[in-house]
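Chemist: As input, take final_10.cif (mmCIF, C-alpha atoms):
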data_upload
loop_
_atom_site.label_atom_id
_atom_site.label_comp_id
_atom_site.auth_asym_id
_atom_site.auth_seq_id
_atom_site.Cartn_x
_atom_site.Cartn_y
_atom_site.Cartn_z
CA MET A 222 0.00 0.00 0.00
CA MET A 223 1.26 3.46 -0.88
CA ASP A 224 2.03 5.84 1.96
CA LYS A 225 0.25 9.20 2.00
CA LEU A 226 3.14 11.06 0.36
CA ASN A 227 3.31 8.53 -2.45
CA VAL A 228 -0.48 8.66 -2.94
CA ARG A 229 -0.26 12.42 -3.37
CA ASP A 230 2.60 12.09 -5.85
CA TYR A 231 0.78 9.30 -7.69
CA MET A 232 -2.41 11.37 -7.99
CA THR A 233 -0.47 14.42 -9.14
CA GLY A 234 1.08 12.30 -11.87
CA VAL A 235 -2.32 10.92 -12.86
CA GLY A 236 -3.80 14.41 -12.95
CA ARG A 237 -0.96 15.85 -15.00
CA ALA A 238 -1.20 13.00 -17.52
CA ALA A 239 -4.99 13.41 -17.76
CA ARG A 240 -4.71 17.14 -18.42
CA ALA A 241 -2.19 16.52 -21.21
CA ALA A 242 -4.37 13.77 -22.68
CA SER A 243 -7.45 16.00 -22.56
CA ARG A 244 -5.79 18.42 -24.99
CA GLN A 245 -5.34 15.55 -27.45
CA MET A 246 -8.85 14.22 -26.92
CA ALA A 247 -10.45 17.62 -27.51
CA LYS A 248 -9.16 17.61 -31.08
CA ALA A 249 -9.56 13.88 -31.77
CA SER A 250 -11.66 13.07 -34.81
CA THR A 251 -14.99 11.28 -34.54
CA ALA A 252 -13.50 8.44 -36.61
CA ALA A 253 -10.60 7.97 -34.19
CA LYS A 254 -12.91 7.96 -31.16
CA ASN A 255 -15.22 5.41 -32.78
CA THR A 256 -12.27 3.24 -33.77
CA ALA A 257 -11.16 3.21 -30.13
CA LEU A 258 -14.63 2.31 -28.88
CA LEU A 259 -15.02 -0.58 -31.32
CA ALA A 260 -11.52 -1.85 -30.49
CA MET A 261 -12.40 -1.71 -26.78
CA ALA A 262 -15.53 -3.79 -27.42
CA LYS A 263 -13.46 -6.36 -29.32
CA ALA A 264 -10.86 -6.50 -26.56
CA ILE A 265 -13.55 -6.99 -23.89
CA ARG A 266 -15.08 -9.91 -25.80
CA GLU A 267 -11.68 -11.49 -26.34
CA SER A 268 -10.83 -11.04 -22.64
CA GLN A 269 -14.00 -12.68 -21.31
CA ALA A 270 -12.16 -15.49 -19.49
CA ARG A 271 -9.72 -13.06 -17.87
CA LEU A 272 -12.52 -10.69 -16.84
CA LEU A 273 -14.59 -13.50 -15.31
CA ALA A 274 -11.56 -14.84 -13.42
CA ALA A 275 -10.70 -11.39 -12.04
CA ASN A 276 -14.33 -10.84 -11.06
CA ALA A 277 -14.50 -14.23 -9.33
CA GLU A 278 -11.52 -13.25 -7.19
CA ASP A 279 -13.17 -9.93 -6.33
CA VAL A 280 -16.46 -11.62 -5.43
CA ALA A 281 -14.74 -14.27 -3.28
CA GLU A 282 -12.86 -11.60 -1.34
CA ALA A 283 -16.01 -9.48 -0.96
CA LYS A 284 -17.92 -12.43 0.52
CA ALA A 285 -15.02 -13.27 2.81
CA ASN A 286 -15.02 -9.66 4.03
CA GLY A 287 -18.74 -9.85 4.81
CA LEU A 288 -19.95 -7.48 2.09
CA ASP A 289 -23.76 -7.40 2.09
CA ALA A 290 -25.66 -9.47 -0.48
CA ALA A 291 -26.93 -6.47 -2.45
CA MET A 292 -23.39 -5.14 -2.92
CA VAL A 293 -22.11 -8.57 -3.92
CA ASP A 294 -24.91 -8.79 -6.48
CA ARG A 295 -23.90 -5.44 -7.99
CA LEU A 296 -20.28 -6.56 -8.04
CA MET A 297 -20.91 -9.80 -9.89
CA LEU A 298 -20.11 -9.97 -13.62
CA THR A 299 -21.42 -12.69 -15.95
CA ALA A 300 -20.72 -13.64 -19.56
CA LYS A 301 -23.99 -11.92 -20.46
CA GLY A 302 -22.85 -8.83 -18.56
CA ILE A 303 -19.58 -8.78 -20.48
CA GLU A 304 -21.44 -8.97 -23.79
CA THR A 305 -23.73 -6.15 -22.65
CA MET A 306 -20.64 -4.11 -21.77
CA ALA A 307 -19.20 -4.66 -25.25
CA GLN A 308 -22.51 -3.79 -26.89
CA GLY A 309 -22.68 -0.62 -24.81
CA LEU A 310 -19.34 0.51 -26.25
CA GLU A 311 -20.61 -0.19 -29.77
CA GLN A 312 -23.80 1.74 -29.09
CA VAL A 313 -21.84 4.80 -27.94
CA ALA A 314 -19.78 4.56 -31.14
CA GLN A 315 -23.03 4.87 -33.10
CA LEU A 316 -24.14 8.01 -31.27
CA ALA A 317 -23.71 11.41 -32.86
CA ASP A 318 -20.53 13.18 -31.76
CA PRO A 319 -21.56 16.36 -29.90
CA VAL A 320 -18.10 17.97 -30.05
CA GLY A 321 -17.85 20.87 -32.47
CA GLU A 322 -21.60 21.17 -32.99
CA ILE A 323 -22.51 24.79 -33.74
CA SER A 324 -25.93 26.14 -32.78
CA ASP A 325 -27.95 29.34 -32.38
CA MET A 326 -26.02 31.32 -34.99
CA LYS A 327 -27.51 34.80 -35.36
CA ARG A 328 -26.34 37.77 -37.41
CA ARG A 329 -26.03 40.96 -35.41
CA PRO A 330 -26.67 44.48 -36.78
CA THR A 331 -22.88 45.01 -36.79
CA GLY A 332 -22.46 42.24 -39.36
CA ILE A 333 -20.89 39.65 -37.06
CA GLN A 334 -22.49 36.24 -36.55
CA VAL A 335 -22.73 35.02 -32.95
CA GLY A 336 -23.42 31.45 -31.85
CA LYS A 337 -22.29 28.58 -29.66
CA MET A 338 -19.99 25.60 -30.16
CA ARG A 339 -20.16 22.43 -28.08
CA VAL A 340 -16.81 21.53 -26.48
CA PRO A 341 -15.52 18.90 -24.02
CA LEU A 342 -15.39 19.67 -20.29
CA GLY A 343 -11.73 18.54 -20.15
CA VAL A 344 -10.88 16.05 -17.40
CA VAL A 345 -13.73 14.15 -15.75
CA GLY A 346 -13.14 12.32 -12.48
CA ILE A 347 -15.63 9.52 -11.78
CA ILE A 348 -15.87 7.82 -8.39
CA TYR A 349 -18.10 4.76 -8.14
CA GLU A 350 -18.79 1.65 -6.11
CA ALA A 351 -19.10 -2.04 -6.90
CA ARG A 352 -20.40 -2.23 -10.48
CA PRO A 353 -17.45 -3.05 -12.77
CA ASN A 354 -19.50 -2.28 -15.91
CA VAL A 355 -19.33 1.40 -14.92
CA THR A 356 -15.64 1.33 -15.86
CA ALA A 357 -16.48 0.60 -19.51
CA ASP A 358 -19.56 2.86 -19.60
CA ALA A 359 -17.70 5.83 -18.12
CA ALA A 360 -14.70 5.34 -20.38
CA ALA A 361 -16.95 5.22 -23.45
CA LEU A 362 -18.93 8.34 -22.66
CA CYS A 363 -15.91 10.40 -21.65
CA LEU A 364 -13.99 9.31 -24.73
CA LYS A 365 -16.82 10.00 -27.21
CA SER A 366 -17.42 13.45 -25.69
CA GLY A 367 -13.74 14.31 -26.15
CA ASN A 368 -12.77 14.25 -22.47
CA ALA A 369 -10.01 12.55 -20.54
CA ALA A 370 -11.20 10.45 -17.60
CA ILE A 371 -9.83 9.46 -14.21
CA LEU A 372 -11.84 6.53 -12.88
CA ARG A 373 -11.79 5.40 -9.27
CA GLY A 374 -13.82 2.23 -8.78
CA GLY A 375 -14.59 0.60 -5.47
CA LYS A 376 -11.85 -1.40 -3.81
CA GLU A 377 -14.11 -4.45 -3.91
CA ALA A 378 -13.84 -4.51 -7.76
CA ILE A 379 -10.15 -3.62 -8.12
CA ARG A 380 -9.08 -6.74 -10.06
CA CYS A 381 -11.97 -6.67 -12.53
CA ASN A 382 -11.69 -2.92 -13.04
CA GLN A 383 -7.99 -3.23 -13.86
CA ALA A 384 -8.76 -6.04 -16.33
CA ILE A 385 -11.33 -3.81 -18.04
CA ALA A 386 -8.86 -0.92 -17.96
CA ALA A 387 -6.40 -3.04 -19.97
CA CYS A 388 -9.07 -3.48 -22.66
CA VAL A 389 -9.72 0.26 -22.66
CA ARG A 390 -6.01 1.01 -23.12
CA ALA A 391 -5.84 -1.50 -25.97
CA GLY A 392 -8.71 0.31 -27.68
CA LEU A 393 -7.08 3.71 -27.28
CA ALA A 394 -3.79 2.38 -28.64
CA ALA A 395 -5.57 0.88 -31.65
CA ALA A 396 -6.84 4.36 -32.54
CA SER A 397 -3.48 6.08 -31.83
CA LEU A 398 -5.07 8.03 -28.99
CA PRO A 399 -3.19 8.60 -25.69
CA GLU A 400 -3.62 5.66 -23.34
CA THR A 401 -3.73 8.14 -20.45
CA ALA A 402 -7.02 9.48 -21.84
CA VAL A 403 -8.68 6.94 -19.53
CA GLN A 404 -6.86 6.12 -16.30
CA VAL A 405 -8.31 3.66 -13.79
CA LEU A 406 -6.65 4.28 -10.44
CA GLU A 407 -4.50 1.37 -9.31
CA THR A 408 -4.67 2.22 -5.61
CA THR A 409 -7.57 1.49 -3.26
CA ASP A 410 -6.32 4.03 -0.70
CA ARG A 411 -9.13 6.41 0.27
CA GLU A 412 -6.58 9.23 0.26
CA ALA A 413 -6.59 9.01 -3.54
CA VAL A 414 -10.22 10.17 -3.61
CA GLY A 415 -9.38 13.12 -1.38
CA HIS A 416 -6.69 14.21 -3.82
CA LEU A 417 -8.82 13.57 -6.91
CA VAL A 418 -11.62 15.89 -5.78
CA ALA A 419 -9.20 18.63 -4.77
CA MET A 420 -7.12 19.07 -7.92
CA PRO A 421 -8.82 21.90 -9.86
CA GLU A 422 -5.64 22.44 -11.83
CA TYR A 423 -6.04 18.96 -13.34
CA VAL A 424 -9.73 17.99 -12.92
CA ASP A 425 -12.69 19.94 -14.31
CA VAL A 426 -15.66 18.02 -12.90
CA ILE A 427 -16.32 15.11 -10.53
CA VAL A 428 -19.14 12.59 -11.00
CA PRO A 429 -19.77 10.39 -7.94
CA ARG A 430 -21.82 7.23 -8.48
CA GLY A 431 -22.74 5.36 -5.35
CA GLY A 432 -24.52 5.55 -2.04
CA LYS A 433 -25.62 8.70 -0.27
CA GLY A 434 -22.66 8.54 2.14
CA LEU A 435 -20.13 8.53 -0.69
CA ILE A 436 -21.81 11.40 -2.53
CA GLU A 437 -22.16 13.52 0.62
CA ARG A 438 -18.46 13.04 1.38
CA ILE A 439 -17.41 13.93 -2.18
CA SER A 440 -19.64 17.02 -2.24
CA LYS A 441 -18.25 18.19 1.10
CA ASP A 442 -14.58 17.72 0.21
CA ALA A 443 -14.58 18.65 -3.49
CA ARG A 444 -12.81 21.77 -4.75
CA VAL A 445 -14.07 21.17 -8.29
CA PRO A 446 -17.70 21.11 -9.53
CA VAL A 447 -19.67 17.94 -8.75
CA ILE A 448 -22.47 16.46 -10.87
CA LYS A 449 -24.50 14.50 -8.33
CA HIS A 450 -27.68 13.19 -6.85
CA LEU A 451 -27.79 12.19 -3.21
CA ASP A 452 -30.73 9.80 -3.34
CA GLY A 453 -33.79 8.81 -5.32
CA ASN A 454 -36.94 9.35 -3.29
CA CYS A 455 -39.28 8.97 -6.27
CA HIS A 456 -43.09 9.30 -6.21
CA VAL A 457 -46.04 7.96 -8.18
CA TYR A 458 -49.18 10.10 -7.86
CA ILE A 459 -52.51 8.38 -8.58
CA ASP A 460 -54.73 11.24 -9.70
CA GLU A 461 -58.53 11.32 -9.33
CA PHE A 462 -58.70 10.84 -13.12
CA ALA A 463 -56.30 7.88 -13.16
CA ASP A 464 -57.08 4.79 -15.18
CA PRO A 465 -57.07 2.00 -12.53
CA THR A 466 -55.34 -0.53 -14.76
CA LYS A 467 -52.60 1.91 -15.73
CA ALA A 468 -52.19 2.92 -12.09
CA LEU A 469 -51.76 -0.69 -10.99
CA ASN A 470 -49.30 -1.59 -13.73
CA ILE A 471 -47.24 1.58 -13.41
CA LEU A 472 -46.93 1.38 -9.61
CA ASP A 473 -46.12 -2.33 -9.82
CA ASN A 474 -43.27 -1.69 -12.25
CA ALA A 475 -42.04 1.49 -10.56
CA LYS A 476 -41.75 -0.15 -7.16
CA THR A 477 -41.22 -3.88 -7.62
CA GLN A 478 -39.26 -4.42 -10.86
CA ARG A 479 -36.02 -3.61 -9.02
CA LEU A 480 -35.93 -2.46 -5.42
CA GLY A 481 -32.38 -1.15 -5.28
CA THR A 482 -32.24 1.47 -8.05
CA CYS A 483 -32.39 5.25 -7.72
CA ASN A 484 -35.42 5.47 -10.05
CA THR A 485 -37.50 3.00 -8.04
CA ALA A 486 -40.67 4.52 -6.56
CA GLU A 487 -40.41 4.93 -2.79
CA SER A 488 -43.75 6.64 -2.23
CA VAL A 489 -47.25 6.46 -3.67
CA VAL A 490 -49.58 9.45 -3.38
CA VAL A 491 -53.31 8.93 -3.97
CA ALA A 492 -56.09 11.44 -4.62
CA ARG A 493 -58.80 11.25 -1.95
CA ARG A 494 -61.64 10.88 -4.49
CA VAL A 495 -60.28 7.54 -5.71
CA ALA A 496 -58.54 6.33 -2.56
CA ALA A 497 -61.42 4.10 -1.46
CA THR A 498 -61.79 2.50 -4.91
CA GLN A 499 -58.15 2.25 -6.02
CA LEU A 500 -55.91 2.15 -2.95
CA PRO A 501 -57.04 -1.28 -1.65
CA ALA A 502 -56.23 -2.89 -5.02
CA LEU A 503 -52.90 -1.08 -5.22
CA ALA A 504 -52.07 -2.17 -1.69
CA GLN A 505 -53.10 -5.77 -2.37
CA MET A 506 -50.71 -5.86 -5.33
CA LEU A 507 -47.85 -4.41 -3.28
CA ILE A 508 -48.44 -6.74 -0.35
CA ALA A 509 -48.57 -9.74 -2.71
CA ARG A 510 -45.14 -8.65 -3.95
CA GLY A 511 -43.85 -8.59 -0.37
CA VAL A 512 -43.83 -4.79 -0.03
CA GLU A 513 -44.50 -3.24 3.37
CA ILE A 514 -46.76 -0.16 3.28
CA ARG A 515 -46.27 2.74 5.69
CA GLY A 516 -49.11 5.21 5.41
CA CYS A 517 -51.06 8.15 6.75
CA ALA A 518 -54.24 7.78 8.85
CA GLU A 519 -56.44 7.58 5.73
CA THR A 520 -54.19 4.88 4.29
CA LEU A 521 -54.43 2.86 7.53
CA ALA A 522 -58.23 3.06 7.42
CA LEU A 523 -58.31 1.61 3.90
CA VAL A 524 -55.38 -0.82 4.22
CA PRO A 525 -55.43 -2.66 7.57
CA GLN A 526 -52.06 -4.32 6.87
CA ALA A 527 -50.31 -0.94 6.54
CA LYS A 528 -48.13 0.48 9.31
CA PRO A 529 -48.22 4.12 10.45
CA ALA A 530 -45.84 6.35 8.51
CA THR A 531 -43.54 8.76 10.32
CA GLU A 532 -42.34 12.09 8.97
CA GLU A 533 -39.01 10.41 8.28
CA ASP A 534 -40.69 7.74 6.16
CA TYR A 535 -41.80 10.35 3.63
CA HIS A 536 -38.19 11.56 3.32
CA THR A 537 -36.70 8.05 2.95
CA GLU A 538 -35.20 6.31 -0.06
CA TYR A 539 -35.75 2.74 1.15
CA LEU A 540 -34.04 0.72 -1.60
CA ALA A 541 -36.03 -2.11 -0.06
CA ALA A 542 -39.48 -3.71 -0.08
CA ILE A 543 -41.06 -0.76 1.73
CA ILE A 544 -43.15 2.11 0.35
CA SER A 545 -44.73 5.14 1.98
CA CYS A 546 -48.29 6.15 1.13
CA LYS A 547 -50.11 9.46 1.46
CA VAL A 548 -53.72 10.32 0.62
CA VAL A 549 -54.11 13.93 -0.58
CA ALA A 550 -56.99 16.20 -1.51
CA ASP A 551 -56.07 16.82 -5.13
CA VAL A 552 -53.28 17.36 -7.66
CA GLY A 553 -52.27 20.63 -5.97
CA GLU A 554 -51.71 18.97 -2.60
CA ALA A 555 -49.92 16.09 -4.33
CA ILE A 556 -47.49 18.53 -5.93
CA GLU A 557 -46.90 20.24 -2.57
CA HIS A 558 -46.26 16.90 -0.87
CA ILE A 559 -43.88 15.74 -3.59
CA ASN A 560 -41.91 19.00 -3.72
CA LYS A 561 -41.55 18.88 0.08
CA TYR A 562 -40.33 15.30 0.43
CA SER A 563 -38.83 14.42 -2.95
CA SER A 564 -35.10 14.24 -3.61
CA ALA A 565 -35.82 15.91 -7.00
CA HIS A 566 -35.01 12.76 -8.96
CA THR A 567 -38.12 11.37 -10.72
CA GLU A 568 -41.88 11.69 -10.19
CA ALA A 569 -44.84 10.33 -12.16
CA ILE A 570 -48.54 11.15 -12.38
CA VAL A 571 -51.16 8.65 -13.52
CA THR A 572 -54.07 10.60 -15.00
CA GLU A 573 -56.34 10.91 -18.04
CA ASN A 574 -56.81 14.64 -17.34
CA TYR A 575 -54.70 16.82 -19.65
CA THR A 576 -54.85 19.89 -17.40
CA HIS A 577 -53.69 17.93 -14.36
CA ALA A 578 -50.92 16.30 -16.38
CA MET A 579 -49.62 19.63 -17.68
CA ARG A 580 -49.79 21.21 -14.22
CA PHE A 581 -47.84 18.30 -12.75
CA LEU A 582 -45.17 18.61 -15.47
CA ARG A 583 -44.81 22.35 -14.89
CA GLU A 584 -44.89 22.51 -11.12
CA VAL A 585 -43.10 19.37 -9.88
CA ASP A 586 -39.50 20.42 -9.27
CA SER A 587 -37.60 17.26 -10.19
CA SER A 588 -35.06 16.35 -12.86
CA SER A 589 -37.49 13.93 -14.56
CA VAL A 590 -41.29 14.27 -14.48
CA MET A 591 -43.54 11.73 -16.19
CA VAL A 592 -47.15 11.26 -17.23
CA ASN A 593 -48.59 7.73 -17.30
CA ALA A 594 -45.20 6.01 -17.26
CA SER A 595 -43.07 4.18 -14.70
CA THR A 596 -40.32 6.09 -12.89
CA ARG A 597 -38.02 3.23 -13.92
CA PHE A 598 -37.72 4.90 -17.34
CA ALA A 599 -35.50 7.61 -15.80
CA ASP A 600 -32.36 6.24 -17.39
CA GLY A 601 -29.95 7.46 -20.04
CA PHE A 602 -30.44 4.41 -22.27
CA GLU A 603 -34.23 4.68 -22.08
CA TYR A 604 -34.01 8.40 -22.89
CA GLY A 605 -32.04 7.67 -26.05
CA LEU A 606 -28.70 8.90 -24.71
CA GLY A 607 -27.08 5.55 -25.48
CA ALA A 608 -25.75 5.35 -21.95
CA GLU A 609 -25.37 7.63 -18.97
CA ILE A 610 -22.58 8.70 -16.68
CA GLY A 611 -25.07 9.18 -13.86
CA ILE A 612 -28.15 11.14 -12.80
CA SER A 613 -27.96 14.78 -11.78
CA THR A 614 -30.50 16.44 -9.50
CA ASP A 615 -28.53 19.68 -9.60
CA LYS A 616 -29.92 22.59 -11.58
CA PHE A 617 -26.74 23.92 -13.11
CA HIS A 618 -25.05 22.52 -16.22
CA ALA A 619 -26.66 19.07 -16.35
CA ARG A 620 -29.95 17.76 -14.95
CA GLY A 621 -31.41 14.26 -15.09
CA PRO A 622 -29.56 11.43 -16.88
CA VAL A 623 -26.16 12.72 -18.00
CA GLY A 624 -25.06 11.43 -21.39
CA LEU A 625 -22.67 12.76 -24.01
CA GLU A 626 -24.14 16.26 -24.11
CA GLY A 627 -23.96 16.51 -20.33
CA LEU A 628 -20.22 15.86 -20.54
CA THR A 629 -19.73 18.86 -22.78
CA SER A 630 -20.11 22.60 -22.39
CA GLN A 631 -20.62 25.42 -24.86
CA LYS A 632 -18.46 28.35 -25.76
CA TRP A 633 -19.48 31.46 -27.65
CA ILE A 634 -18.12 31.81 -31.16
CA VAL A 635 -18.12 34.88 -33.39
CA LEU A 636 -17.74 34.88 -37.18
CA GLY A 637 -16.80 38.13 -38.80
CA ASP A 638 -15.48 39.59 -42.03
CA GLY A 639 -13.25 42.36 -40.80
CA GLU A 640 -15.82 44.08 -38.56
CA VAL A 641 -14.57 46.34 -35.74
CA ARG A 642 -16.56 47.75 -32.87
CA GLY A 643 -17.47 51.41 -33.17
#
Just give me the structure of the file as structure tokens.

Modeler:
Amino acid sequence: MMDKLNVRDYMTGVGRAARAASRQMAKASTAAKNTALLAMAKAIRESQARLLAANAEDVAEAKANGLDAAMVDRLMLTAKGIETMAQGLEQVAQLADPVGEISDMKRRPTGIQVGKMRVPLGVVGIIYEARPNVTADAAALCLKSGNAAILRGGKEAIRCNQAIAACVRAGLAAASLPETAVQVLETTDREAVGHLVAMPEYVDVIVPRGGKGLIERISKDARVPVIKHLDGNCHVYIDEFADPTKALNILDNAKTQRLGTCNTAESVVVARRVAATQLPALAQMLIARGVEIRGCAETLALVPQAKPATEEDYHTEYLAAIISCKVVADVGEAIEHINKYSSAHTEAIVTENYTHAMRFLREVDSSSVMVNASTRFADGFEYGLGAEIGISTDKFHARGPVGLEGLTSQKWIVLGDGEVRG
């Protein structure tokens, strides 16, 4: 293990190399970037046995260290997962390159033309836990958007991440791009994270992907901008004009398809006018799926199996088979409740009323707002971004799923023909 002085020197070297590589990546052609991505996909397929062996060692150590079952599940990589990883790289290669795109050109009375050009952010630091596929996803998105990347995966996936990193380097080399354009940190020392988030001279933005504790720590210590979301306390509102079948199917999918994702519904809000007719059926479905319901007094009266909800319950991202429930007067009170307790991630309304739907879309203050669709759609792939680097609940720069465009910025450009200012 490196001592603290060596960790600092190591991270300085990583940062310096990333900054130099970012200058090369900013001017890399679309063809070169796509060549690298396709070569990475080929290398990952050819390295399947090595990746599975490295992952097996990681999983065995994680189990021996008592890592919880959910984390072990996220850590595990299969042959199907490796193929999905390779396909993800190929899909990013097919996406339009945002770098250099010019928009909003307008001619001014002086004769000059003023517009904007999309450009890379520079060096993106990504800190994540468990999932080794993030290594390939993050590398692909940063590369295609013309950025250099410094990736720090969880210590529990160190062997598999390094095996994937070798495939990434092979892809970069095949396209004659700098291998330091994507660096996966070789140390598991937590000090490395502290240095990574405090190097504004080398790093332009940090993207943390992981639990609330990790993201809170990164946000507190960072000296560079952070694209983040702390948690996903998502809501499904069953409006008085909701179609009962749609309501049942949407809530079922939003809550029970996967319990441990940030776009899983953690709360259901029901309009009072339909609570007596729809809530018992909704509750019966949830209970049959093994979900515990914690509700308000009106919920308890309609669902005897429910437990009383506390104020904290309405604030909680459970990531478990638990859901909070609140009966409200109307769409206005639903919006107030959601804006008060939501983590500003994703909210959905089930309604056949256009006015209510449009009001919900306008007034709910979250990064994704949906009408008659499951919150589980809040995902970069589902939104047509090809893949995502993460979800942002911030309001500046990027909001919602962050894909290629979210990893770029815009600069003003001016085209003239000899004009001077009078």

Chemist: Work out how far apart atom CA of Thr596 of chain A and atom CA of Gly481 of chain A are and give it in Å to one decimal.

Modeler: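 Atom CA of Thr596 of chain A sits 13.2 Å away from atom CA of Gly481 of chain A.
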
Chemist: Which neighbours of Val447 of chain A fall inside 7 Å, counting only C-alpha atoms, when residues of the same chain fewer than 4 positions from it are skipped, and could you give them as an NGL selection string?

Modeler: :A and (426-428 or 440)

Chemist: Any chance you could resolve the PyMOL selection byres ((chain A and resi 413) around 9) against this file and give the residues as a PyMOL selection string?

Modeler: chain A and resi 225+228-229+231-232+373+406+408-412+414-418

Chemist: Quick one: residues within 9 Å of (-7.1, -1.0, -10.1) (file frame), counting only C-alpha atoms, please, as JSON, numbers by chain.

Modeler: {"A": [373, 374, 375, 376, 378, 379, 380, 381, 382, 383, 384, 386, 405, 406, 407, 408, 409]}

Chemist: For those residues, write C-alpha atoms to a file as a short mmCIF file (atom, residue, chain, number, x, y, z; two decimals), keeping the file's coordinate frame.

Modeler:
data_model
loop_
_atom_site.label_atom_id
_atom_site.label_comp_id
_atom_site.auth_asym_id
_atom_site.auth_seq_id
_atom_site.Cartn_x
_atom_site.Cartn_y
_atom_site.Cartn_z
CA ARG A 373 -11.79 5.40 -9.27
CA GLY A 374 -13.82 2.23 -8.78
CA GLY A 375 -14.59 0.60 -5.47
CA LYS A 376 -11.85 -1.40 -3.81
CA ALA A 378 -13.84 -4.51 -7.76
CA ILE A 379 -10.15 -3.62 -8.12
CA ARG A 380 -9.08 -6.74 -10.06
CA CYS A 381 -11.97 -6.67 -12.53
CA ASN A 382 -11.69 -2.92 -13.04
CA GLN A 383 -7.99 -3.23 -13.86
CA ALA A 384 -8.76 -6.04 -16.33
CA ALA A 386 -8.86 -0.92 -17.96
CA VAL A 405 -8.31 3.66 -13.79
CA LEU A 406 -6.65 4.28 -10.44
CA GLU A 407 -4.50 1.37 -9.31
CA THR A 408 -4.67 2.22 -5.61
CA THR A 409 -7.57 1.49 -3.26
#

Chemist: Between A:Gln245, A:Gln631, A:Lys327, A:Glu519, which residue has the minimum interatomic distance to Leu398 of chain A, considering only C-alpha atoms?

Modeler: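 Among the listed residues, A:Gln245 lies closest to Leu398 of chain A.
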
Chemist: Could you tell me how far atom CA of Gly431 of chain A lies from atom CA of Ala555 of chain A, in Å and to one decimal?

Modeler: 29.2 Å

Chemist: Expand the PyMOL selection byres ((chain A and resi 350) around 10) into the explicit residue set it covers here, and present it as a list in words.

Modeler: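 Applied to this file, the PyMOL selection byres ((chain A and resi 350) around 10) selects Met292, Arg295, Leu296, Ile348, Tyr349, Ala351, Arg352, Pro353, Val355, Arg373, Gly374, Gly375, Lys376, Glu377, Ala378, Pro429, Arg430, Gly431, Gly432 and Leu435 of chain A.
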
Chemist: Filtering to C-alpha atoms, could you give me those residues as an mmCIF file, in the coordinates of the input?

Modeler:
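Output file part00.cif follows:
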data_model
loop_
_atom_site.group_PDB
_atom_site.id
_atom_site.type_symbol
_atom_site.label_atom_id
_atom_site.label_comp_id
_atom_site.auth_asym_id
_atom_site.auth_seq_id
_atom_site.Cartn_x
_atom_site.Cartn_y
_atom_site.Cartn_z
ATOM 1 C CA MET A 292 -23.390 -5.140 -2.920
ATOM 2 C CA ARG A 295 -23.900 -5.440 -7.990
ATOM 3 C CA LEU A 296 -20.280 -6.560 -8.040
ATOM 4 C CA ILE A 348 -15.870 7.820 -8.390
ATOM 5 C CA TYR A 349 -18.100 4.760 -8.140
ATOM 6 C CA ALA A 351 -19.100 -2.040 -6.900
ATOM 7 C CA ARG A 352 -20.400 -2.230 -10.480
ATOM 8 C CA PRO A 353 -17.450 -3.050 -12.770
ATOM 9 C CA VAL A 355 -19.330 1.400 -14.920
ATOM 10 C CA ARG A 373 -11.790 5.400 -9.270
ATOM 11 C CA GLY A 374 -13.820 2.230 -8.780
ATOM 12 C CA GLY A 375 -14.590 0.600 -5.470
ATOM 13 C CA LYS A 376 -11.850 -1.400 -3.810
ATOM 14 C CA GLU A 377 -14.110 -4.450 -3.910
ATOM 15 C CA ALA A 378 -13.840 -4.510 -7.760
ATOM 16 C CA PRO A 429 -19.770 10.390 -7.940
ATOM 17 C CA ARG A 430 -21.820 7.230 -8.480
ATOM 18 C CA GLY A 431 -22.740 5.360 -5.350
ATOM 19 C CA GLY A 432 -24.520 5.550 -2.040
ATOM 20 C CA LEU A 435 -20.130 8.530 -0.690
#

Chemist: How many Å separate atom CA of Asp464 of chain A from atom CA of Leu540 of chain A?

Modeler: 27.1 Å

Chemist: Using all atoms listed in the file for the distances, tell me which of A:Ala496, A:Leu503, A:Leu472, A:Val344 is nearest to Val235 of chain A.

Modeler: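 Closest candidate: A:Val344.
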
Chemist: Find the spatial neighbours of Arg329 of chain A, counting all atoms listed in the file, within a cut-off of 12 Å - ignore same-chain residues fewer than 2 positions away - and output them as a list of chain:residue names.

Modeler: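 Returned residues: A:Met326, A:Lys327, A:Thr331, A:Gly332, A:Ile333, A:Gln334, A:Val335, A:Gly336, A:Val635, A:Leu636, A:Gly637, A:Glu640, A:Arg642.
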
Chemist: A:Gln499, A:Ser366, A:Ser613, A:Thr251: which is nearest Thr466 of chain A, counting only C-alpha atoms?

Modeler: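 Of the candidates, the smallest distance to Thr466 of chain A is held by A:Gln499.
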
Chemist: For Val345 of chain A, which residue out of A:Gly627, A:Gly434, A:Pro501, A:Pro319 is the nearest one, using only C-alpha atoms?

Modeler: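 Looking at the shortest contact to Val345 of chain A, the residue is A:Gly627.
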
Chemist: Given the choices A:Ile612, A:Val403, A:Ala307, A:Ile514, which gets closest to Lys476 of chain A if the distance is worked out from all atoms listed in the file?

Modeler: A:Ile514

Chemist: Apply the PyMOL selection byres ((chain A and resi 264) around 8) to the displayed file and report the matching residues as an mmCIF file with C-alpha atoms, keeping the file's coordinate frame.

Modeler:
data_model
loop_
_atom_site.group_PDB
_atom_site.id
_atom_site.type_symbol
_atom_site.label_atom_id
_atom_site.label_comp_id
_atom_site.auth_asym_id
_atom_site.auth_seq_id
_atom_site.Cartn_x
_atom_site.Cartn_y
_atom_site.Cartn_z
ATOM 1 C CA ALA A 260 -11.520 -1.850 -30.490
ATOM 2 C CA MET A 261 -12.400 -1.710 -26.780
ATOM 3 C CA ALA A 262 -15.530 -3.790 -27.420
ATOM 4 C CA LYS A 263 -13.460 -6.360 -29.320
ATOM 5 C CA ILE A 265 -13.550 -6.990 -23.890
ATOM 6 C CA ARG A 266 -15.080 -9.910 -25.800
ATOM 7 C CA GLU A 267 -11.680 -11.490 -26.340
ATOM 8 C CA SER A 268 -10.830 -11.040 -22.640
ATOM 9 C CA CYS A 388 -9.070 -3.480 -22.660
ATOM 10 C CA VAL A 389 -9.720 0.260 -22.660
ATOM 11 C CA ALA A 391 -5.840 -1.500 -25.970
ATOM 12 C CA GLY A 392 -8.710 0.310 -27.680
#
